[in-house]
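Enquirer: Just so it is clear, I am handing over structure16.cif, which has mmCIF, N, CA and C atoms.
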data_work
#
loop_
_atom_site.group_PDB
_atom_site.id
_atom_site.type_symbol
_atom_site.label_atom_id
_atom_site.label_comp_id
_atom_site.auth_asym_id
_atom_site.auth_seq_id
_atom_site.Cartn_x
_atom_site.Cartn_y
_atom_site.Cartn_z
ATOM 1 N N MET A 1 172.933 155.251 18.534
ATOM 2 C CA MET A 1 171.903 155.051 17.541
ATOM 3 C C MET A 1 171.903 153.604 17.044
ATOM 4 N N LYS A 2 173.128 153.074 16.791
ATOM 5 C CA LYS A 2 173.239 151.697 16.327
ATOM 6 C C LYS A 2 172.744 150.727 17.399
ATOM 7 N N THR A 3 173.018 150.997 18.661
ATOM 8 C CA THR A 3 172.572 150.169 19.767
ATOM 9 C C THR A 3 171.051 150.182 19.857
ATOM 10 N N ASN A 4 170.458 151.317 19.613
ATOM 11 C CA ASN A 4 169.007 151.460 19.640
ATOM 12 C C ASN A 4 168.353 150.584 18.564
ATOM 13 N N LYS A 5 168.921 150.566 17.357
ATOM 14 C CA LYS A 5 168.379 149.753 16.267
ATOM 15 C C LYS A 5 168.494 148.265 16.585
ATOM 16 N N ILE A 6 169.601 147.866 17.181
ATOM 17 C CA ILE A 6 169.801 146.459 17.549
ATOM 18 C C ILE A 6 168.790 146.049 18.612
ATOM 19 N N ALA A 7 168.534 146.919 19.581
ATOM 20 C CA ALA A 7 167.567 146.625 20.640
ATOM 21 C C ALA A 7 166.162 146.480 20.060
ATOM 22 N N VAL A 8 165.804 147.357 19.119
ATOM 23 C CA VAL A 8 164.482 147.288 18.488
ATOM 24 C C VAL A 8 164.368 146.004 17.666
ATOM 25 N N LEU A 9 165.404 145.664 16.929
ATOM 26 C CA LEU A 9 165.410 144.446 16.130
ATOM 27 C C LEU A 9 165.299 143.211 17.020
ATOM 28 N N ALA A 10 166.036 143.173 18.115
ATOM 29 C CA ALA A 10 165.991 142.040 19.044
ATOM 30 C C ALA A 10 164.596 141.898 19.654
ATOM 31 N N ALA A 11 163.997 143.020 20.052
ATOM 32 C CA ALA A 11 162.648 142.984 20.631
ATOM 33 C C ALA A 11 161.641 142.486 19.597
ATOM 34 N N SER A 12 161.791 142.908 18.361
ATOM 35 C CA SER A 12 160.887 142.475 17.291
ATOM 36 C C SER A 12 161.002 140.979 17.045
ATOM 37 N N LEU A 13 162.220 140.454 17.065
ATOM 38 C CA LEU A 13 162.424 139.028 16.873
ATOM 39 C C LEU A 13 161.823 138.205 18.013
ATOM 40 N N VAL A 14 161.995 138.686 19.232
ATOM 41 C CA VAL A 14 161.428 137.985 20.389
ATOM 42 C C VAL A 14 159.912 137.943 20.272
ATOM 43 N N MET A 15 159.305 139.044 19.888
ATOM 44 C CA MET A 15 157.848 139.082 19.745
ATOM 45 C C MET A 15 157.391 138.156 18.623
ATOM 46 N N ALA A 16 158.102 138.120 17.523
ATOM 47 C CA ALA A 16 157.728 137.256 16.400
ATOM 48 C C ALA A 16 157.818 135.788 16.789
ATOM 49 N N PHE A 17 158.880 135.396 17.472
ATOM 50 C CA PHE A 17 159.025 134.007 17.886
ATOM 51 C C PHE A 17 157.996 133.615 18.946
ATOM 52 N N SER A 18 157.622 134.548 19.811
ATOM 53 C CA SER A 18 156.643 134.223 20.846
ATOM 54 C C SER A 18 155.271 133.940 20.252
ATOM 55 N N LEU A 19 154.955 134.506 19.096
ATOM 56 C CA LEU A 19 153.682 134.213 18.443
ATOM 57 C C LEU A 19 153.595 132.761 18.019
ATOM 58 N N PHE A 20 154.717 132.170 17.649
ATOM 59 C CA PHE A 20 154.730 130.783 17.206
ATOM 60 C C PHE A 20 154.892 129.802 18.366
ATOM 61 N N ALA A 21 155.100 130.296 19.557
ATOM 62 C CA ALA A 21 155.289 129.419 20.715
ATOM 63 C C ALA A 21 153.972 128.813 21.187
ATOM 64 N N PHE A 22 152.850 129.435 20.862
ATOM 65 C CA PHE A 22 151.548 128.944 21.303
ATOM 66 C C PHE A 22 150.977 128.034 20.227
ATOM 67 N N THR A 23 150.707 126.796 20.614
ATOM 68 C CA THR A 23 150.177 125.816 19.687
ATOM 69 C C THR A 23 148.704 125.601 19.984
ATOM 70 N N THR A 24 147.898 125.590 18.947
ATOM 71 C CA THR A 24 146.486 125.311 19.100
ATOM 72 C C THR A 24 146.273 123.813 18.982
ATOM 73 N N PHE A 25 145.679 123.208 20.014
ATOM 74 C CA PHE A 25 145.414 121.782 19.993
ATOM 75 C C PHE A 25 144.048 121.528 19.380
ATOM 76 N N LYS A 26 143.969 120.481 18.606
ATOM 77 C CA LYS A 26 142.699 120.050 18.028
ATOM 78 C C LYS A 26 142.140 118.956 18.922
ATOM 79 N N ASN A 27 140.881 119.083 19.278
ATOM 80 C CA ASN A 27 140.254 118.141 20.182
ATOM 81 C C ASN A 27 140.033 116.782 19.535
ATOM 82 N N GLY A 28 139.878 115.768 20.385
ATOM 83 C CA GLY A 28 139.593 114.411 19.937
ATOM 84 C C GLY A 28 138.234 113.981 20.455
ATOM 85 N N SER A 29 138.015 112.675 20.548
ATOM 86 C CA SER A 29 136.748 112.156 21.054
ATOM 87 C C SER A 29 136.975 110.804 21.724
ATOM 88 N N ILE A 30 135.961 110.368 22.469
ATOM 89 C CA ILE A 30 135.968 109.055 23.109
ATOM 90 C C ILE A 30 134.678 108.363 22.696
ATOM 91 N N LYS A 31 134.807 107.124 22.186
ATOM 92 C CA LYS A 31 133.621 106.401 21.746
ATOM 93 C C LYS A 31 133.711 104.948 22.167
ATOM 94 N N GLY A 32 132.553 104.283 22.158
ATOM 95 C CA GLY A 32 132.507 102.877 22.497
ATOM 96 C C GLY A 32 131.079 102.369 22.460
ATOM 97 N N THR A 33 130.914 101.110 22.857
ATOM 98 C CA THR A 33 129.595 100.496 22.935
ATOM 99 C C THR A 33 129.406 99.880 24.311
ATOM 100 N N VAL A 34 128.138 99.702 24.676
ATOM 101 C CA VAL A 34 127.791 99.146 25.983
ATOM 102 C C VAL A 34 126.885 97.940 25.774
ATOM 103 N N SER A 35 127.152 96.880 26.539
ATOM 104 C CA SER A 35 126.349 95.671 26.479
ATOM 105 C C SER A 35 125.894 95.306 27.885
ATOM 106 N N PRO A 36 124.645 94.960 28.113
ATOM 107 C CA PRO A 36 123.518 95.008 27.207
ATOM 108 C C PRO A 36 123.163 96.453 26.837
ATOM 109 N N SER A 37 122.713 96.649 25.607
ATOM 110 C CA SER A 37 122.533 97.995 25.064
ATOM 111 C C SER A 37 121.492 98.828 25.797
ATOM 112 N N ALA A 38 120.477 98.190 26.389
ATOM 113 C CA ALA A 38 119.429 98.941 27.085
ATOM 114 C C ALA A 38 119.757 99.201 28.552
ATOM 115 N N ALA A 39 120.929 98.774 29.014
ATOM 116 C CA ALA A 39 121.271 98.867 30.434
ATOM 117 C C ALA A 39 121.978 100.161 30.822
ATOM 118 N N ALA A 40 122.358 100.983 29.849
ATOM 119 C CA ALA A 40 123.098 102.213 30.155
ATOM 120 C C ALA A 40 122.303 103.443 29.735
ATOM 121 N N THR A 41 122.431 104.509 30.526
ATOM 122 C CA THR A 41 121.717 105.751 30.205
ATOM 123 C C THR A 41 122.640 106.820 29.662
ATOM 124 N N SER A 42 123.832 106.956 30.262
ATOM 125 C CA SER A 42 124.740 108.013 29.821
ATOM 126 C C SER A 42 126.191 107.624 30.056
ATOM 127 N N ALA A 43 127.057 108.359 29.366
ATOM 128 C CA ALA A 43 128.501 108.175 29.508
ATOM 129 C C ALA A 43 129.096 109.549 29.758
ATOM 130 N N TYR A 44 130.068 109.622 30.658
ATOM 131 C CA TYR A 44 130.776 110.881 30.848
ATOM 132 C C TYR A 44 132.238 110.646 31.161
ATOM 133 N N VAL A 45 133.031 111.675 30.891
ATOM 134 C CA VAL A 45 134.463 111.626 31.164
ATOM 135 C C VAL A 45 134.816 112.761 32.102
ATOM 136 N N VAL A 46 135.791 112.491 32.975
ATOM 137 C CA VAL A 46 136.205 113.462 33.988
ATOM 138 C C VAL A 46 137.722 113.586 33.963
ATOM 139 N N SER A 47 138.198 114.832 33.998
ATOM 140 C CA SER A 47 139.629 115.115 34.140
ATOM 141 C C SER A 47 139.746 116.429 34.892
ATOM 142 N N GLY A 48 140.190 116.343 36.140
ATOM 143 C CA GLY A 48 140.290 117.559 36.956
ATOM 144 C C GLY A 48 138.925 118.191 37.116
ATOM 145 N N MET A 49 138.787 119.437 36.656
ATOM 146 C CA MET A 49 137.518 120.161 36.756
ATOM 147 C C MET A 49 136.653 119.985 35.503
ATOM 148 N N ASP A 50 137.181 119.336 34.463
ATOM 149 C CA ASP A 50 136.445 119.143 33.218
ATOM 150 C C ASP A 50 135.589 117.886 33.287
ATOM 151 N N THR A 51 134.315 118.014 32.930
ATOM 152 C CA THR A 51 133.406 116.880 32.820
ATOM 153 C C THR A 51 132.598 117.055 31.546
ATOM 154 N N MET A 52 132.534 116.003 30.736
ATOM 155 C CA MET A 52 131.738 116.028 29.514
ATOM 156 C C MET A 52 130.839 114.802 29.522
ATOM 157 N N ARG A 53 129.598 114.971 29.045
ATOM 158 C CA ARG A 53 128.600 113.907 29.143
ATOM 159 C C ARG A 53 127.851 113.754 27.822
ATOM 160 N N THR A 54 127.388 112.521 27.565
ATOM 161 C CA THR A 54 126.523 112.242 26.418
ATOM 162 C C THR A 54 125.591 111.093 26.775
ATOM 163 N N ASN A 55 124.507 110.967 26.045
ATOM 164 C CA ASN A 55 123.578 109.852 26.237
ATOM 165 C C ASN A 55 124.090 108.621 25.495
ATOM 166 N N VAL A 56 123.768 107.456 26.034
ATOM 167 C CA VAL A 56 124.047 106.195 25.352
ATOM 168 C C VAL A 56 122.798 105.863 24.546
ATOM 169 N N GLN A 57 122.958 105.737 23.238
ATOM 170 C CA GLN A 57 121.818 105.461 22.358
ATOM 171 C C GLN A 57 122.045 104.160 21.616
ATOM 172 N N ASN A 58 121.109 103.233 21.772
ATOM 173 C CA ASN A 58 121.218 101.909 21.140
ATOM 174 C C ASN A 58 122.531 101.225 21.490
ATOM 175 N N GLY A 59 123.008 101.457 22.702
ATOM 176 C CA GLY A 59 124.226 100.810 23.180
ATOM 177 C C GLY A 59 125.520 101.467 22.731
ATOM 178 N N ALA A 60 125.437 102.624 22.052
ATOM 179 C CA ALA A 60 126.649 103.295 21.569
ATOM 180 C C ALA A 60 126.734 104.713 22.123
ATOM 181 N N PHE A 61 127.968 105.197 22.258
ATOM 182 C CA PHE A 61 128.178 106.568 22.710
ATOM 183 C C PHE A 61 129.414 107.141 22.046
ATOM 184 N N GLU A 62 129.428 108.456 21.926
ATOM 185 C CA GLU A 62 130.619 109.180 21.484
ATOM 186 C C GLU A 62 130.583 110.562 22.110
ATOM 187 N N ILE A 63 131.651 110.877 22.832
ATOM 188 C CA ILE A 63 131.801 112.184 23.458
ATOM 189 C C ILE A 63 132.795 112.957 22.604
ATOM 190 N N GLY A 64 132.333 113.996 21.934
ATOM 191 C CA GLY A 64 133.182 114.759 21.028
ATOM 192 C C GLY A 64 133.764 115.995 21.687
ATOM 193 N N GLU A 65 134.689 116.615 20.974
ATOM 194 C CA GLU A 65 135.335 117.855 21.415
ATOM 195 C C GLU A 65 136.009 117.704 22.778
ATOM 196 N N VAL A 66 136.707 116.583 22.972
ATOM 197 C CA VAL A 66 137.436 116.319 24.211
ATOM 198 C C VAL A 66 138.876 116.790 24.021
ATOM 199 N N LYS A 67 139.339 117.613 24.951
ATOM 200 C CA LYS A 67 140.716 118.105 24.891
ATOM 201 C C LYS A 67 141.698 116.951 25.056
ATOM 202 N N PRO A 68 142.857 117.011 24.406
ATOM 203 C CA PRO A 68 143.870 115.972 24.618
ATOM 204 C C PRO A 68 144.230 115.864 26.098
ATOM 205 N N GLY A 69 144.331 114.639 26.601
ATOM 206 C CA GLY A 69 144.659 114.414 28.005
ATOM 207 C C GLY A 69 144.230 113.028 28.444
ATOM 208 N N THR A 70 144.267 112.794 29.757
ATOM 209 C CA THR A 70 143.897 111.512 30.349
ATOM 210 C C THR A 70 142.633 111.690 31.173
ATOM 211 N N TYR A 71 141.673 110.787 30.981
ATOM 212 C CA TYR A 71 140.348 110.920 31.574
ATOM 213 C C TYR A 71 139.919 109.651 32.296
ATOM 214 N N LYS A 72 138.888 109.820 33.161
ATOM 215 C CA LYS A 72 138.177 108.684 33.738
ATOM 216 C C LYS A 72 136.833 108.614 33.021
ATOM 217 N N LEU A 73 136.514 107.440 32.474
ATOM 218 C CA LEU A 73 135.246 107.216 31.790
ATOM 219 C C LEU A 73 134.270 106.569 32.760
ATOM 220 N N VAL A 74 133.035 107.077 32.799
ATOM 221 C CA VAL A 74 131.996 106.510 33.652
ATOM 222 C C VAL A 74 130.769 106.237 32.783
ATOM 223 N N ILE A 75 130.242 105.020 32.887
ATOM 224 C CA ILE A 75 128.989 104.658 32.227
ATOM 225 C C ILE A 75 127.947 104.504 33.326
ATOM 226 N N GLU A 76 126.870 105.280 33.255
ATOM 227 C CA GLU A 76 125.785 105.184 34.235
ATOM 228 C C GLU A 76 124.821 104.097 33.781
ATOM 229 N N ALA A 77 124.567 103.151 34.670
ATOM 230 C CA ALA A 77 123.742 101.989 34.342
ATOM 231 C C ALA A 77 122.380 102.060 35.025
ATOM 232 N N ILE A 78 121.467 101.275 34.489
ATOM 233 C CA ILE A 78 120.129 101.128 35.056
ATOM 234 C C ILE A 78 120.134 99.861 35.906
ATOM 235 N N ALA A 79 119.556 99.936 37.120
ATOM 236 C CA ALA A 79 119.482 98.757 38.001
ATOM 237 C C ALA A 79 118.761 97.632 37.271
ATOM 238 N N PRO A 80 119.231 96.422 37.429
ATOM 239 C CA PRO A 80 120.136 95.879 38.425
ATOM 240 C C PRO A 80 121.615 95.951 38.022
ATOM 241 N N TYR A 81 121.945 96.633 36.927
ATOM 242 C CA TYR A 81 123.338 96.736 36.490
ATOM 243 C C TYR A 81 124.079 97.801 37.292
ATOM 244 N N LYS A 82 125.396 97.636 37.381
ATOM 245 C CA LYS A 82 126.235 98.564 38.135
ATOM 246 C C LYS A 82 126.923 99.538 37.187
ATOM 247 N N ASN A 83 127.167 100.756 37.691
ATOM 248 C CA ASN A 83 127.930 101.732 36.916
ATOM 249 C C ASN A 83 129.321 101.172 36.615
ATOM 250 N N PHE A 84 129.881 101.605 35.510
ATOM 251 C CA PHE A 84 131.202 101.164 35.074
ATOM 252 C C PHE A 84 132.155 102.354 35.102
ATOM 253 N N GLU A 85 133.388 102.156 35.588
ATOM 254 C CA GLU A 85 134.407 103.204 35.599
ATOM 255 C C GLU A 85 135.706 102.659 35.018
ATOM 256 N N LYS A 86 136.348 103.488 34.192
ATOM 257 C CA LYS A 86 137.639 103.111 33.626
ATOM 258 C C LYS A 86 138.567 104.308 33.716
ATOM 259 N N GLU A 87 139.668 104.150 34.442
ATOM 260 C CA GLU A 87 140.684 105.193 34.586
ATOM 261 C C GLU A 87 141.673 105.131 33.425
ATOM 262 N N GLY A 88 142.325 106.247 33.157
ATOM 263 C CA GLY A 88 143.442 106.259 32.225
ATOM 264 C C GLY A 88 143.077 106.223 30.754
ATOM 265 N N VAL A 89 141.914 106.735 30.392
ATOM 266 C CA VAL A 89 141.534 106.794 28.980
ATOM 267 C C VAL A 89 142.251 108.005 28.367
ATOM 268 N N VAL A 90 143.123 107.752 27.406
ATOM 269 C CA VAL A 90 143.962 108.795 26.820
ATOM 270 C C VAL A 90 143.354 109.290 25.512
ATOM 271 N N VAL A 91 143.202 110.612 25.420
ATOM 272 C CA VAL A 91 142.722 111.252 24.191
ATOM 273 C C VAL A 91 143.890 112.006 23.577
ATOM 274 N N LYS A 92 144.123 111.738 22.297
ATOM 275 C CA LYS A 92 145.189 112.419 21.567
ATOM 276 C C LYS A 92 144.571 113.426 20.608
ATOM 277 N N GLU A 93 145.378 114.375 20.219
ATOM 278 C CA GLU A 93 144.936 115.440 19.337
ATOM 279 C C GLU A 93 144.382 114.881 18.022
ATOM 280 N N LYS A 94 143.183 115.319 17.660
ATOM 281 C CA LYS A 94 142.503 114.961 16.406
ATOM 282 C C LYS A 94 142.256 113.466 16.235
ATOM 283 N N LYS A 95 142.190 112.711 17.342
ATOM 284 C CA LYS A 95 142.000 111.260 17.261
ATOM 285 C C LYS A 95 140.744 110.851 18.034
ATOM 286 N N ALA A 96 140.080 109.808 17.533
ATOM 287 C CA ALA A 96 138.965 109.200 18.255
ATOM 288 C C ALA A 96 139.518 108.030 19.058
ATOM 289 N N THR A 97 139.360 108.072 20.368
ATOM 290 C CA THR A 97 139.790 106.982 21.236
ATOM 291 C C THR A 97 138.627 106.010 21.372
ATOM 292 N N ASP A 98 138.796 104.804 20.868
ATOM 293 C CA ASP A 98 137.750 103.786 20.929
ATOM 294 C C ASP A 98 138.033 102.881 22.125
ATOM 295 N N VAL A 99 137.131 102.895 23.108
ATOM 296 C CA VAL A 99 137.316 102.068 24.303
ATOM 297 C C VAL A 99 136.727 100.671 24.112
ATOM 298 N N GLY A 100 136.158 100.417 22.931
ATOM 299 C CA GLY A 100 135.621 99.086 22.625
ATOM 300 C C GLY A 100 134.286 98.826 23.285
ATOM 301 N N GLU A 101 133.975 97.542 23.464
ATOM 302 C CA GLU A 101 132.704 97.147 24.071
ATOM 303 C C GLU A 101 132.852 97.010 25.579
ATOM 304 N N ILE A 102 131.961 97.653 26.290
ATOM 305 C CA ILE A 102 131.958 97.611 27.753
ATOM 306 C C ILE A 102 130.770 96.738 28.170
ATOM 307 N N THR A 103 131.043 95.681 28.913
ATOM 308 C CA THR A 103 129.990 94.791 29.387
ATOM 309 C C THR A 103 129.673 95.151 30.837
ATOM 310 N N LEU A 104 128.441 95.566 31.059
ATOM 311 C CA LEU A 104 128.013 95.950 32.412
ATOM 312 C C LEU A 104 127.716 94.714 33.248
ATOM 313 N N GLN A 105 128.070 94.792 34.522
ATOM 314 C CA GLN A 105 127.876 93.697 35.462
ATOM 315 C C GLN A 105 126.658 93.963 36.344
ATOM 316 N N GLN A 106 126.028 92.888 36.784
ATOM 317 C CA GLN A 106 124.867 93.030 37.683
ATOM 318 C C GLN A 106 125.319 92.998 39.125
#
What do you get writing this file as structure tokens?

Expert:
Amino acid sequence: MKTNKIAVLAASLVMAFSLFAFTTFKNGSIKGTVSPSAAATSAYVVSGMDTMRTNVQNGAFEIGEVKPGTYKLVIEAIAPYKNFEKEGVVVKEKKATDVGEITLQQ
């Protein structure tokens, strides 16, 4: 009987601790500006199978609700400008990652 109570108590403790083992991550964002401001149409980030996109408005963009991780940023440009790519953009939990001003090349 005593062994049975210890087993039940141990199982209960394991279940209680396992509930706290799962951490909920808070998403971050990626933002920046593009120069010349009228030369870009959209910005997107890629990580594995995840892709998120937003429009570039007045030369600025912000992609919200991005999971923490490392991404490739792509700015789609209007000809004669070339698309821009930046590898290794890191998003941290609850933080806005500012990539600064991106100057598009012709």

Enquirer: Counting all atoms listed in the file, which residue out of A:Ser35, A:Gln106, A:Asn55, A:Ser29 sits closest to Lys67 in chain A?

Expert: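 Ranked by minimum distance to Lys67 in chain A, first place goes to A:Ser29.
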
Enquirer: When you draw a straight line from atom N of Ile63 in chain A to atom N of Asn83 in chain A, how long is it in Å?

Expert: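 So the answer is 18.5 Å.
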
Enquirer: Rounded to one decimal place, report the CA of Lys92 in chain A-CA of Ala77 in chain A distance in Å.

Expert: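 Going from CA of Lys92 in chain A over to CA of Ala77 in chain A covers 27.1 Å.
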
Enquirer: Skip Val99 in chain A itself and residues of its chain fewer than 4 positions away, then list as a PyMOL selection string all residues within 7 Å of it, counting all atoms listed in the file.

Expert: chain A and resi 30-33

Enquirer: With distances taken over only C-alpha atoms, which residue among A:Val89, A:Thr51, A:Ile6, A:Ala39 lies nearest Gly69 in chain A?

Expert: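 With only C-alpha atoms as the atom set, the closest residue is A:Val89.
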
Enquirer: Name the residues that the PyMOL selection byres (((chain A and resi 36 and name CA) around 8) and name CA) picks from the file above, as a ChimeraX atom specification, using the file's chain letters and numbers.

Expert: /A:34-35,37-40,59,103-104

Enquirer: Which of these residues is nearest to Gly28 in chain A, using only C-alpha atoms: A:Val66, A:Ile102, A:Val46, A:Ile78?

Expert: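 Looking at the shortest contact to Gly28 in chain A, the residue is A:Val66.
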
Enquirer: Need to verify the contact set: Phe84 in chain A, 7 Å, only C-alpha atoms, exclusion of same-chain residues closer than 6 positions in sequence. Can you return it as a PyMOL selection string?

Expert: chain A and resi 74-76+104

Enquirer: When you draw a straight line from CA of Lys82 in chain A to atom N of Thr54 in chain A, how long is it in Å?

Expert: 17.5 Å

Enquirer: Within 7 Å of Val90 in chain A, counting all atoms listed in the file, which residues qualify if same-chain residues fewer than 2 places away don't, as a list in words?

Expert: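 My reading of the contact set: Pro68, Gly69, Thr70, Tyr71, Glu87, Gly88, Lys92 and Thr97 of chain A.
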
Enquirer: Just need the box for range 69-72 of chain A, edges along x, y and z, holding every atom the file lists for it with 5 Å tacked onto each side, so centre and edge lengths in Å to one decimal, as lines of an AutoDock Vina configuration file.

Expert:
center_x = 140.7
center_y = 111.6
center_z = 30.2
size_x = 17.8
size_y = 16.0
size_z = 17.1

Enquirer: Pick from A:Gly64, A:Val56, A:Met49, A:Ala43: nearest to Glu93 in chain A, with only C-alpha atoms counted?

Expert: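 Going through A:Gly64, A:Val56, A:Met49, A:Ala43 one by one, the smallest distance to Glu93 in chain A is for A:Gly64.
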